[in-house]
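Undergrad: Coordinates in upload.pdb, PDB, C-alpha atoms and all ligand atoms, are listed below.
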```pdb
MODEL        1
ATOM      1  CA  MET U   9      27.203   6.747  16.864  1.00  0.00           C
ATOM      2  CA  SER U  10      29.560   5.492  14.136  1.00  0.00           C
ATOM      3  CA  ILE U  11      29.750   1.792  13.434  1.00  0.00           C
ATOM      4  CA  ALA U  12      33.411   1.670  14.359  1.00  0.00           C
ATOM      5  CA  LYS U  13      32.809   3.415  17.658  1.00  0.00           C
ATOM      6  CA  PHE U  14      29.859   1.189  18.451  1.00  0.00           C
ATOM      7  CA  ALA U  15      31.853  -1.933  17.685  1.00  0.00           C
ATOM      8  CA  HIS U  16      34.804  -0.633  19.662  1.00  0.00           C
ATOM      9  CA  ASP U  17      32.808   0.367  22.723  1.00  0.00           C
ATOM     10  CA  ARG U  18      30.327  -2.445  22.925  1.00  0.00           C
ATOM     11  CA  LEU U  19      32.241  -5.468  21.796  1.00  0.00           C
ATOM     12  CA  SER U  20      35.857  -4.555  22.478  1.00  0.00           C
ATOM     13  CA  ILE U  21      37.106  -5.428  19.042  1.00  0.00           C
ATOM     14  CA  PRO U  22      39.872  -3.454  17.371  1.00  0.00           C
ATOM     15  CA  LYS U  23      38.915  -0.268  15.522  1.00  0.00           C
ATOM     16  CA  LEU U  24      37.752  -1.086  12.008  1.00  0.00           C
ATOM     17  CA  ASN U  25      39.692   0.007   8.946  1.00  0.00           C
ATOM     18  CA  ARG U  26      37.955   1.451   5.896  1.00  0.00           C
ATOM     19  CA  GLY U  27      37.554  -1.873   4.044  1.00  0.00           C
ATOM     20  CA  THR U  28      36.123  -3.608   7.075  1.00  0.00           C
ATOM     21  CA  LEU U  29      33.911  -0.627   7.761  1.00  0.00           C
ATOM     22  CA  ARG U  30      32.415  -0.884   4.267  1.00  0.00           C
ATOM     23  CA  TYR U  31      31.839  -4.597   4.806  1.00  0.00           C
ATOM     24  CA  CYS U  32      30.203  -3.831   8.125  1.00  0.00           C
ATOM     25  CA  GLN U  33      27.859  -1.329   6.498  1.00  0.00           C
ATOM     26  CA  GLN U  34      26.879  -3.913   3.888  1.00  0.00           C
ATOM     27  CA  ALA U  35      26.305  -6.483   6.606  1.00  0.00           C
ATOM     28  CA  ILE U  36      24.070  -4.057   8.470  1.00  0.00           C
ATOM     29  CA  THR U  37      22.106  -3.388   5.287  1.00  0.00           C
ATOM     30  CA  ARG U  38      21.508  -7.125   5.026  1.00  0.00           C
ATOM     31  CA  VAL U  39      20.547  -7.436   8.659  1.00  0.00           C
ATOM     32  CA  SER U  40      18.275  -4.419   8.388  1.00  0.00           C
ATOM     33  CA  THR U  41      16.043  -6.229   5.939  1.00  0.00           C
ATOM     34  CA  VAL U  42      14.715  -7.810   9.143  1.00  0.00           C
ATOM     35  CA  PRO U  43      11.973  -5.479  10.434  1.00  0.00           C
ATOM     36  CA  ILE U  44      13.385  -3.175  13.073  1.00  0.00           C
ATOM     37  CA  TRP U  45      10.888  -4.430  15.604  1.00  0.00           C
ATOM     38  CA  PRO U  46       8.919  -7.659  15.091  1.00  0.00           C
ATOM     39  CA  GLN U  47       5.583  -6.053  15.942  1.00  0.00           C
ATOM     40  CA  LYS U  48       3.448  -8.691  14.330  1.00  0.00           C
ATOM     41  CA  LEU U  49       5.257 -11.425  16.135  1.00  0.00           C
ATOM     42  CA  HIS U  50       4.931  -9.959  19.596  1.00  0.00           C
ATOM     43  CA  LYS U  51       1.710  -8.020  19.152  1.00  0.00           C
ATOM     44  CA  THR U  52       2.970  -5.482  21.639  1.00  0.00           C
ATOM     45  CA  TYR U  53       3.908  -1.912  21.134  1.00  0.00           C
ATOM     46  CA  PRO U  54       7.625  -1.599  21.836  1.00  0.00           C
ATOM     47  CA  THR U  55       8.881   0.859  24.384  1.00  0.00           C
ATOM     48  CA  HIS U  56      11.982   2.829  23.526  1.00  0.00           C
ATOM     49  CA  ALA U  57      14.063   0.590  25.744  1.00  0.00           C
ATOM     50  CA  THR U  58      12.934  -2.675  24.153  1.00  0.00           C
ATOM     51  CA  GLN U  59      13.324  -1.214  20.696  1.00  0.00           C
ATOM     52  CA  ASN U  60      16.832  -0.087  21.538  1.00  0.00           C
ATOM     53  CA  ARG U  61      17.708  -3.506  22.859  1.00  0.00           C
ATOM     54  CA  TYR U  62      16.403  -5.115  19.697  1.00  0.00           C
ATOM     55  CA  ASN U  63      18.361  -2.703  17.502  1.00  0.00           C
ATOM     56  CA  GLN U  64      21.508  -3.335  19.501  1.00  0.00           C
ATOM     57  CA  HIS U  65      20.982  -7.025  18.899  1.00  0.00           C
ATOM     58  CA  LEU U  66      20.938  -6.379  15.134  1.00  0.00           C
ATOM     59  CA  TRP U  67      24.155  -4.377  15.422  1.00  0.00           C
ATOM     60  CA  LYS U  68      25.786  -7.244  17.230  1.00  0.00           C
ATOM     61  CA  ILE U  69      24.778  -9.666  14.495  1.00  0.00           C
ATOM     62  CA  ALA U  70      26.257  -7.320  11.913  1.00  0.00           C
ATOM     63  CA  VAL U  71      29.492  -6.939  13.844  1.00  0.00           C
ATOM     64  CA  HIS U  72      29.723 -10.713  14.204  1.00  0.00           C
ATOM     65  CA  GLU U  73      29.400 -10.986  10.425  1.00  0.00           C
ATOM     66  CA  VAL U  74      32.353  -8.642  10.105  1.00  0.00           C
ATOM     67  CA  ARG U  75      34.397 -10.881  12.277  1.00  0.00           C
ATOM     68  CA  GLY U  76      33.770 -13.656   9.763  1.00  0.00           C
ATOM     69  CA  THR U  77      33.579 -17.294  10.679  1.00  0.00           C
ATOM     70  CA  MET U  78      34.088 -18.439  14.234  1.00  0.00           C
ATOM     71  CA  GLU U  79      37.500 -19.733  15.092  1.00  0.00           C
ATOM     72  CA  HIS U  80      37.567 -23.034  16.849  1.00  0.00           C
ATOM     73  CA  ASN U  81      36.831 -22.609  20.520  1.00  0.00           C
ATOM     74  CA  LEU U  82      36.990 -25.691  22.720  1.00  0.00           C
ATOM     75  CA  HIS U  83      34.361 -24.404  25.133  1.00  0.00           C
ATOM     76  CA  HIS U  84      31.937 -23.763  22.246  1.00  0.00           C
ATOM     77  CA  THR U  85      32.632 -27.209  20.824  1.00  0.00           C
ATOM     78  CA  ILE U  86      31.948 -28.936  24.131  1.00  0.00           C
ATOM     79  CA  SER U  87      28.776 -26.869  24.636  1.00  0.00           C
ATOM     80  CA  LEU U  88      27.407 -28.105  21.345  1.00  0.00           C
ATOM     81  CA  LEU U  89      28.549 -31.713  21.734  1.00  0.00           C
ATOM     82  CA  THR U  90      26.911 -31.854  25.162  1.00  0.00           C
ATOM     83  CA  ARG U  91      23.487 -30.958  23.743  1.00  0.00           C
ATOM     84  CA  THR U  92      23.202 -33.351  20.821  1.00  0.00           C
ATOM     85  CA  PRO U  93      22.040 -36.441  22.752  1.00  0.00           C
ATOM     86  CA  ALA U  94      19.232 -34.461  24.420  1.00  0.00           C
ATOM     87  CA  ALA U  95      18.226 -32.894  21.101  1.00  0.00           C
ATOM     88  CA  LEU U  96      17.974 -36.324  19.462  1.00  0.00           C
ATOM     89  CA  ASN U  97      16.199 -37.736  22.479  1.00  0.00           C
ATOM     90  CA  ALA U  98      13.589 -34.969  22.416  1.00  0.00           C
ATOM     91  CA  LEU U  99      13.028 -35.362  18.706  1.00  0.00           C
ATOM     92  CA  LEU U 100      13.058 -39.128  18.268  1.00  0.00           C
ATOM     93  CA  ARG U 101      12.165 -41.058  21.405  1.00  0.00           C
ATOM     94  CA  ASP U 102       8.753 -42.761  21.150  1.00  0.00           C
ATOM     95  CA  LEU U 103       8.088 -41.210  17.772  1.00  0.00           C
ATOM     96  CA  PRO U 104       6.059 -43.501  15.468  1.00  0.00           C
ATOM     97  CA  GLU U 105       8.423 -45.770  13.551  1.00  0.00           C
ATOM     98  CA  ALA U 106       7.168 -44.369  10.261  1.00  0.00           C
ATOM     99  CA  TRP U 107       9.323 -41.340  11.088  1.00  0.00           C
ATOM    100  CA  THR U 108      12.346 -43.045  12.527  1.00  0.00           C
ATOM    101  CA  PHE U 109      12.820 -46.230  10.486  1.00  0.00           C
ATOM    102  CA  ARG U 110      12.245 -44.986   6.955  1.00  0.00           C
ATOM    103  CA  ASN U 111      15.087 -43.771   4.782  1.00  0.00           C
ATOM    104  CA  GLU U 112      15.437 -41.982   1.455  1.00  0.00           C
ATOM    105  CA  GLY U 113      15.839 -45.115  -0.675  1.00  0.00           C
ATOM    106  CA  GLU U 114      18.410 -47.812  -1.269  1.00  0.00           C
ATOM    107  CA  ASN U 115      21.739 -47.319   0.519  1.00  0.00           C
ATOM    108  CA  THR U 116      20.490 -44.363   2.531  1.00  0.00           C
ATOM    109  CA  TRP U 117      19.970 -44.006   6.235  1.00  0.00           C
ATOM    110  CA  SER U 118      16.962 -43.679   8.494  1.00  0.00           C
ATOM    111  CA  ALA U 119      17.055 -41.617  11.696  1.00  0.00           C
ATOM    112  CA  PHE U 120      17.664 -44.938  13.509  1.00  0.00           C
ATOM    113  CA  ASP U 121      20.723 -45.614  11.311  1.00  0.00           C
ATOM    114  CA  VAL U 122      22.070 -42.118  11.966  1.00  0.00           C
ATOM    115  CA  VAL U 123      21.925 -42.585  15.745  1.00  0.00           C
ATOM    116  CA  GLY U 124      23.779 -45.879  15.257  1.00  0.00           C
ATOM    117  CA  HIS U 125      26.377 -44.057  13.162  1.00  0.00           C
ATOM    118  CA  LEU U 126      26.848 -41.438  15.873  1.00  0.00           C
ATOM    119  CA  ILE U 127      27.414 -44.225  18.424  1.00  0.00           C
ATOM    120  CA  HIS U 128      29.971 -45.782  16.122  1.00  0.00           C
ATOM    121  CA  GLY U 129      31.749 -42.416  15.943  1.00  0.00           C
ATOM    122  CA  GLU U 130      31.860 -42.172  19.733  1.00  0.00           C
ATOM    123  CA  CYS U 131      33.476 -45.609  19.927  1.00  0.00           C
ATOM    124  CA  THR U 132      35.945 -45.487  17.069  1.00  0.00           C
ATOM    125  CA  ASP U 133      36.407 -41.976  15.742  1.00  0.00           C
ATOM    126  CA  TRP U 134      36.622 -38.807  17.821  1.00  0.00           C
ATOM    127  CA  MET U 135      38.303 -39.502  21.138  1.00  0.00           C
ATOM    128  CA  PRO U 136      40.343 -42.462  19.855  1.00  0.00           C
ATOM    129  CA  ARG U 137      41.714 -40.154  17.145  1.00  0.00           C
ATOM    130  CA  ALA U 138      42.309 -37.330  19.616  1.00  0.00           C
ATOM    131  CA  ARG U 139      44.320 -39.758  21.744  1.00  0.00           C
ATOM    132  CA  MET U 140      46.292 -40.797  18.670  1.00  0.00           C
ATOM    133  CA  VAL U 141      47.175 -37.185  17.841  1.00  0.00           C
ATOM    134  CA  LEU U 142      48.455 -36.656  21.384  1.00  0.00           C
ATOM    135  CA  GLN U 143      50.304 -39.965  21.505  1.00  0.00           C
ATOM    136  CA  PHE U 144      51.734 -40.431  18.006  1.00  0.00           C
ATOM    137  CA  GLY U 145      51.425 -37.068  16.236  1.00  0.00           C
ATOM    138  CA  GLU U 146      51.844 -37.367  12.477  1.00  0.00           C
ATOM    139  CA  THR U 147      53.800 -40.607  12.667  1.00  0.00           C
ATOM    140  CA  LYS U 148      50.797 -42.938  12.676  1.00  0.00           C
ATOM    141  CA  ALA U 149      47.639 -42.532  10.561  1.00  0.00           C
ATOM    142  CA  PHE U 150      44.182 -42.919  12.131  1.00  0.00           C
ATOM    143  CA  GLU U 151      42.272 -46.129  11.525  1.00  0.00           C
ATOM    144  CA  PRO U 152      39.895 -45.563   8.580  1.00  0.00           C
ATOM    145  CA  PHE U 153      36.337 -44.958   9.799  1.00  0.00           C
ATOM    146  CA  ASP U 154      33.768 -47.602   8.824  1.00  0.00           C
ATOM    147  CA  ARG U 155      30.781 -45.587   7.619  1.00  0.00           C
ATOM    148  CA  TRP U 156      28.523 -48.615   7.660  1.00  0.00           C
ATOM    149  CA  GLY U 157      29.856 -49.998  10.954  1.00  0.00           C
ATOM    150  CA  GLN U 158      26.617 -49.295  12.804  1.00  0.00           C
ATOM    151  CA  GLU U 159      24.736 -51.888  10.758  1.00  0.00           C
ATOM    152  CA  ARG U 160      26.314 -54.665  12.849  1.00  0.00           C
ATOM    153  CA  ASP U 161      26.231 -52.789  16.135  1.00  0.00           C
ATOM    154  CA  SER U 162      22.619 -51.586  15.956  1.00  0.00           C
ATOM    155  CA  GLN U 163      21.095 -54.951  15.101  1.00  0.00           C
ATOM    156  CA  ARG U 164      18.468 -56.144  17.538  1.00  0.00           C
ATOM    157  CA  LYS U 165      18.537 -52.870  19.484  1.00  0.00           C
ATOM    158  CA  SER U 166      15.635 -50.492  19.844  1.00  0.00           C
ATOM    159  CA  LEU U 167      15.888 -46.791  19.078  1.00  0.00           C
ATOM    160  CA  ALA U 168      15.399 -46.082  22.798  1.00  0.00           C
ATOM    161  CA  GLN U 169      18.420 -48.271  23.588  1.00  0.00           C
ATOM    162  CA  LEU U 170      20.512 -46.503  20.955  1.00  0.00           C
ATOM    163  CA  LEU U 171      19.559 -43.075  22.311  1.00  0.00           C
ATOM    164  CA  ASP U 172      20.558 -44.174  25.829  1.00  0.00           C
ATOM    165  CA  GLU U 173      23.814 -45.641  24.570  1.00  0.00           C
ATOM    166  CA  PHE U 174      24.672 -42.521  22.590  1.00  0.00           C
ATOM    167  CA  ALA U 175      24.000 -40.283  25.605  1.00  0.00           C
ATOM    168  CA  ARG U 176      26.172 -42.442  27.847  1.00  0.00           C
ATOM    169  CA  LEU U 177      29.086 -42.692  25.400  1.00  0.00           C
ATOM    170  CA  ARG U 178      28.995 -38.966  24.595  1.00  0.00           C
ATOM    171  CA  SER U 179      29.025 -38.083  28.263  1.00  0.00           C
ATOM    172  CA  GLU U 180      31.979 -40.414  28.911  1.00  0.00           C
ATOM    173  CA  ASN U 181      33.892 -39.043  25.940  1.00  0.00           C
ATOM    174  CA  LEU U 182      33.313 -35.433  26.949  1.00  0.00           C
ATOM    175  CA  GLY U 183      34.405 -36.300  30.488  1.00  0.00           C
ATOM    176  CA  GLU U 184      37.625 -37.640  29.019  1.00  0.00           C
ATOM    177  CA  LEU U 185      38.045 -34.609  26.745  1.00  0.00           C
ATOM    178  CA  ARG U 186      37.628 -32.189  29.665  1.00  0.00           C
ATOM    179  CA  ALA U 187      40.072 -34.189  31.768  1.00  0.00           C
ATOM    180  CA  LEU U 188      42.754 -33.698  29.103  1.00  0.00           C
ATOM    181  CA  ASN U 189      42.776 -29.980  29.995  1.00  0.00           C
ATOM    182  CA  LEU U 190      43.921 -29.134  26.507  1.00  0.00           C
ATOM    183  CA  ARG U 191      45.941 -25.938  26.189  1.00  0.00           C
ATOM    184  CA  PRO U 192      45.996 -23.832  22.994  1.00  0.00           C
ATOM    185  CA  GLU U 193      49.334 -25.367  22.009  1.00  0.00           C
ATOM    186  CA  ASP U 194      47.869 -28.886  22.377  1.00  0.00           C
ATOM    187  CA  LEU U 195      45.090 -27.957  19.951  1.00  0.00           C
ATOM    188  CA  GLU U 196      47.708 -27.123  17.317  1.00  0.00           C
ATOM    189  CA  ARG U 197      49.204 -30.617  17.521  1.00  0.00           C
ATOM    190  CA  ARG U 198      49.036 -32.548  14.304  1.00  0.00           C
ATOM    191  CA  GLY U 199      47.894 -36.018  13.403  1.00  0.00           C
ATOM    192  CA  ARG U 200      47.524 -37.928  10.181  1.00  0.00           C
ATOM    193  CA  HIS U 201      44.190 -38.741   8.565  1.00  0.00           C
ATOM    194  CA  PRO U 202      44.325 -41.779   6.220  1.00  0.00           C
ATOM    195  CA  ALA U 203      42.727 -39.835   3.343  1.00  0.00           C
ATOM    196  CA  LEU U 204      43.095 -36.126   4.200  1.00  0.00           C
ATOM    197  CA  GLY U 205      46.713 -36.145   5.370  1.00  0.00           C
ATOM    198  CA  VAL U 206      47.899 -33.846   8.147  1.00  0.00           C
ATOM    199  CA  VAL U 207      45.143 -32.433  10.368  1.00  0.00           C
ATOM    200  CA  THR U 208      45.268 -30.605  13.710  1.00  0.00           C
ATOM    201  CA  LEU U 209      43.594 -31.643  16.935  1.00  0.00           C
ATOM    202  CA  SER U 210      41.649 -28.374  16.750  1.00  0.00           C
ATOM    203  CA  GLU U 211      40.297 -29.337  13.323  1.00  0.00           C
ATOM    204  CA  LEU U 212      39.376 -32.810  14.553  1.00  0.00           C
ATOM    205  CA  LEU U 213      37.383 -31.420  17.493  1.00  0.00           C
ATOM    206  CA  ALA U 214      35.661 -28.764  15.361  1.00  0.00           C
ATOM    207  CA  THR U 215      34.740 -31.537  12.934  1.00  0.00           C
ATOM    208  CA  TRP U 216      33.227 -33.565  15.754  1.00  0.00           C
ATOM    209  CA  ALA U 217      30.769 -30.699  16.423  1.00  0.00           C
ATOM    210  CA  VAL U 218      29.974 -30.037  12.775  1.00  0.00           C
ATOM    211  CA  HIS U 219      29.528 -33.765  12.200  1.00  0.00           C
ATOM    212  CA  ASP U 220      26.726 -33.672  14.808  1.00  0.00           C
ATOM    213  CA  LEU U 221      25.146 -30.760  12.947  1.00  0.00           C
ATOM    214  CA  THR U 222      25.482 -32.578   9.634  1.00  0.00           C
ATOM    215  CA  HIS U 223      23.537 -35.512  10.970  1.00  0.00           C
ATOM    216  CA  LEU U 224      20.903 -33.373  12.691  1.00  0.00           C
ATOM    217  CA  HIS U 225      20.444 -31.756   9.301  1.00  0.00           C
ATOM    218  CA  GLN U 226      20.289 -35.182   7.687  1.00  0.00           C
ATOM    219  CA  ILE U 227      17.701 -36.486  10.161  1.00  0.00           C
ATOM    220  CA  SER U 228      15.504 -33.473   9.490  1.00  0.00           C
ATOM    221  CA  ARG U 229      15.799 -34.080   5.760  1.00  0.00           C
ATOM    222  CA  VAL U 230      15.150 -37.849   5.952  1.00  0.00           C
ATOM    223  CA  MET U 231      12.059 -37.290   8.087  1.00  0.00           C
ATOM    224  CA  ALA U 232      10.730 -34.536   5.824  1.00  0.00           C
ATOM    225  CA  HIS U 233      11.265 -36.840   2.845  1.00  0.00           C
ATOM    226  CA  GLN U 234       8.550 -39.155   4.197  1.00  0.00           C
ATOM    227  CA  TYR U 235       5.969 -36.398   3.666  1.00  0.00           C
ATOM    228  CA  ARG U 236       7.307 -35.223   0.302  1.00  0.00           C
ATOM    229  CA  GLU U 237       4.015 -36.121  -1.373  1.00  0.00           C
ATOM    230  CA  ALA U 238       1.708 -35.502   1.558  1.00  0.00           C
ATOM    231  CA  VAL U 239       2.480 -31.779   1.446  1.00  0.00           C
ATOM    232  CA  GLY U 240       1.143 -31.520  -2.103  1.00  0.00           C
ATOM    233  CA  PRO U 241       1.995 -28.332  -3.973  1.00  0.00           C
ATOM    234  CA  TRP U 242       3.671 -26.822  -0.884  1.00  0.00           C
ATOM    235  CA  SER U 243       6.719 -28.981  -1.609  1.00  0.00           C
ATOM    236  CA  GLU U 244       8.163 -26.219  -3.756  1.00  0.00           C
ATOM    237  CA  TYR U 245       8.238 -23.865  -0.763  1.00  0.00           C
ATOM    238  CA  LEU U 246       9.881 -26.401   1.557  1.00  0.00           C
ATOM    239  CA  GLY U 247      13.652 -26.054   1.325  1.00  0.00           C
ATOM    240  CA  VAL U 248      14.322 -29.295   3.167  1.00  0.00           C
ATOM    241  CA  LEU U 249      12.651 -31.196   0.310  1.00  0.00           C
ATOM    242  CA  GLN U 250      14.905 -29.503  -2.245  1.00  0.00           C
ATOM    243  CA  CYS U 251      18.136 -30.246  -0.397  1.00  0.00           C
ATOM    244  CA  ALA U 252      20.236 -32.367  -2.725  1.00  0.00           C
ATOM    245  CA  GLY U 253      23.593 -31.259  -1.370  1.00  0.00           C
ATOM    246  CA  HIS U 254      24.006 -34.044   1.160  1.00  0.00           C
ATOM    247  CA  SER U 255      22.294 -37.031  -0.352  1.00  0.00           C
ATOM    248  CA  SER U 256      24.898 -39.590   0.702  1.00  0.00           C
ATOM    249  CA  PRO U 257      25.154 -40.636   4.335  1.00  0.00           C
TER     250      PRO U 257
HETATM  251 NI    NI G   1      28.844 -39.052   9.577  1.00  0.00          NI
ENDMDL
END
```
Let me see whether you can do it: turn the structure in this file into structure tokens.
Ligand code: NI
TA:
Amino acid sequence: MSIAKFAHDRLSIPKLNRGTLRYCQQAITRVSTVPIWPQKLHKTYPTHATQNRYNQHLWKIAVHEVRGTMEHNLHHTISLLTRTPAALNALLRDLPEAWTFRNEGENTWSAFDVVGHLIHGECTDWMPRARMVLQFGETKAFEPFDRWGQERDSQRKSLAQLLDEFARLRSENLGELRALNLRPEDLERRGRHPALGVVTLSELLATWAVHDLTHLHQISRVMAHQYREAVGPWSEYLGVLQCAGHSSP
């Protein structure tokens, strides 16, 4: 079956033109560097049906690559935002403090600081700014975000308390977001960021999700940093120890 026909039949996307088709073929070549069936992983001999399913999965990945980056989708955003508190809770609660209270050096954050920062965002950034877009549009700039604001707020709290507080605030904020029943035209409404200028509500909400991912990434890196010497010569194989792209909070 041709790529275009497969894509058309299985995923209901428009027929591909020649340029896109070439891109799709390249994408499939990349994807195909994955073994066709992960035999070693599963230690089972695949039947035709399971092998077909697996191959179809690869095709879907390739076709998704052709489609390029995901557009903002409110349902996808909310799905991700809903999961972050549980992900942090599973990773951090009751973990020895050597993992959660150490940072990467002066003026850097520990996992504890990051959870505090996420709480601060729930209180002062995302939904307050969304409300401002809906209420004032571009006429009034957002309050600048205090990136060190959690230092005050987190004092004398335990990590367990912060995790509970983050979960509660996130759930309240998502309840409020859902209740807004935003329509596509609402998502195009514009607000004013104090440094970035005009931004859309859609961009703000997409940023909320990617901000979570940024800090999950950061927490992984900060924790790995604590074992940078313990791993000995393996450090050169461990990408998280080489990640210098996001060294500031
Ligand atoms: Ni941040």
Undergrad: Could you tell me, as a VMD selection string, exactly which residues end up selected when the PyMOL selection byres (((chain U and resi 111) around 10) and not hetatm) is applied to this structure?
TA: chain U and resid 106 to 110 112 to 121 227 229 to 231 233 to 234
Undergrad: Work out how far atom CA of Val248 of chain U is from atom CA of Trp156 of chain U, in Å to one decimal.
TA: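 Pair atom CA of Trp156 of chain U / atom CA of Val248 of chain U returns 24.4 Å.
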Undergrad: Using all atoms listed in the file, which of the listed residues (U:Leu171, U:Ala138, U:Met78, U:Leu99) sits closest to Leu190 of chain U?
TA: U:Ala138
Undergrad: Identify, counting only C-alpha atoms and all ligand atoms, the protein, DNA and RNA residues located within 8 Å of ligand NI 1 (chain G), and give them as a list in words.
TA: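 With only C-alpha atoms and all ligand atoms and a cut-off of 8 Å, ligand NI 1 (chain G) is contacted by Val122, His125, Leu126, Gly129, Arg155, His219, Asp220, Thr222, His223 and Pro257 of chain U.
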Undergrad: Just write the chosen residues, C-alpha atoms, as a compact mmCIF listing (two decimals), in the coordinates of the input.
TA:
```txt
# COMPACT_ATOMS: atom_id res chain seq x y z
CA VAL U 122 22.07 -42.12 11.97
CA HIS U 125 26.38 -44.06 13.16
CA LEU U 126 26.85 -41.44 15.87
CA GLY U 129 31.75 -42.42 15.94
CA ARG U 155 30.78 -45.59 7.62
CA HIS U 219 29.53 -33.76 12.20
CA ASP U 220 26.73 -33.67 14.81
CA THR U 222 25.48 -32.58 9.63
CA HIS U 223 23.54 -35.51 10.97
CA PRO U 257 25.15 -40.64 4.34
```
Undergrad: Of the candidates U:Leu204, U:Leu221, U:Leu103, U:Met135, which shows the shortest atom-to-atom distance to Leu185 of chain U, using all atoms listed in the file?
TA: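 Smallest separation from Leu185 of chain U among the options: U:Met135.
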Undergrad: What is the atom CA of Arg61 of chain U to atom CA of Leu88 of chain U distance in Å?
TA: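 Atom CA of Leu88 of chain U lies 26.5 Å from atom CA of Arg61 of chain U.
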Undergrad: Applied to this file, what does the PyMOL selection byres (((chain U and resi 131) around 12) and not hetatm) return in terms of residues, put as a PyMOL selection string?
TA: chain U and resi 124-130+132-137+153-154+157-158+161+173-174+176-178+180-181
Undergrad: Tell me, in Å to one decimal, how far atom CA of Arg200 of chain U is from atom CA of Pro152 of chain U.
TA: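 Rounded to one decimal, the two atoms are 10.9 Å apart.
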Undergrad: Show me, as a ChimeraX atom specification, the residues that have an atom within 12 Å of Asn189 of chain U when counting all atoms listed in the file, minus same-chain residues fewer than 6 positions from it.
TA: /U:82-83,182-183,195
Undergrad: Name the residues in contact with Thr208 of chain U at a cut-off of 6 Å, using only C-alpha atoms, excluding same-chain residues fewer than 3 positions from it; report them as a PyMOL selection string.
TA: chain U and resi 196-198+211
Undergrad: Which residues, named as in the file, does the PyMOL selection byres (((chain U and resi 201) around 9) and not hetatm) pick out? Answer as a ChimeraX atom specification.
TA: /U:146,148-152,199-200,202-207
Undergrad: So which one's closest to His225 of chain U, U:Gln143, U:Gln163, U:Thr92, U:Asn97? Using all atoms listed in the file, please.
TA: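 Closest candidate: U:Thr92.
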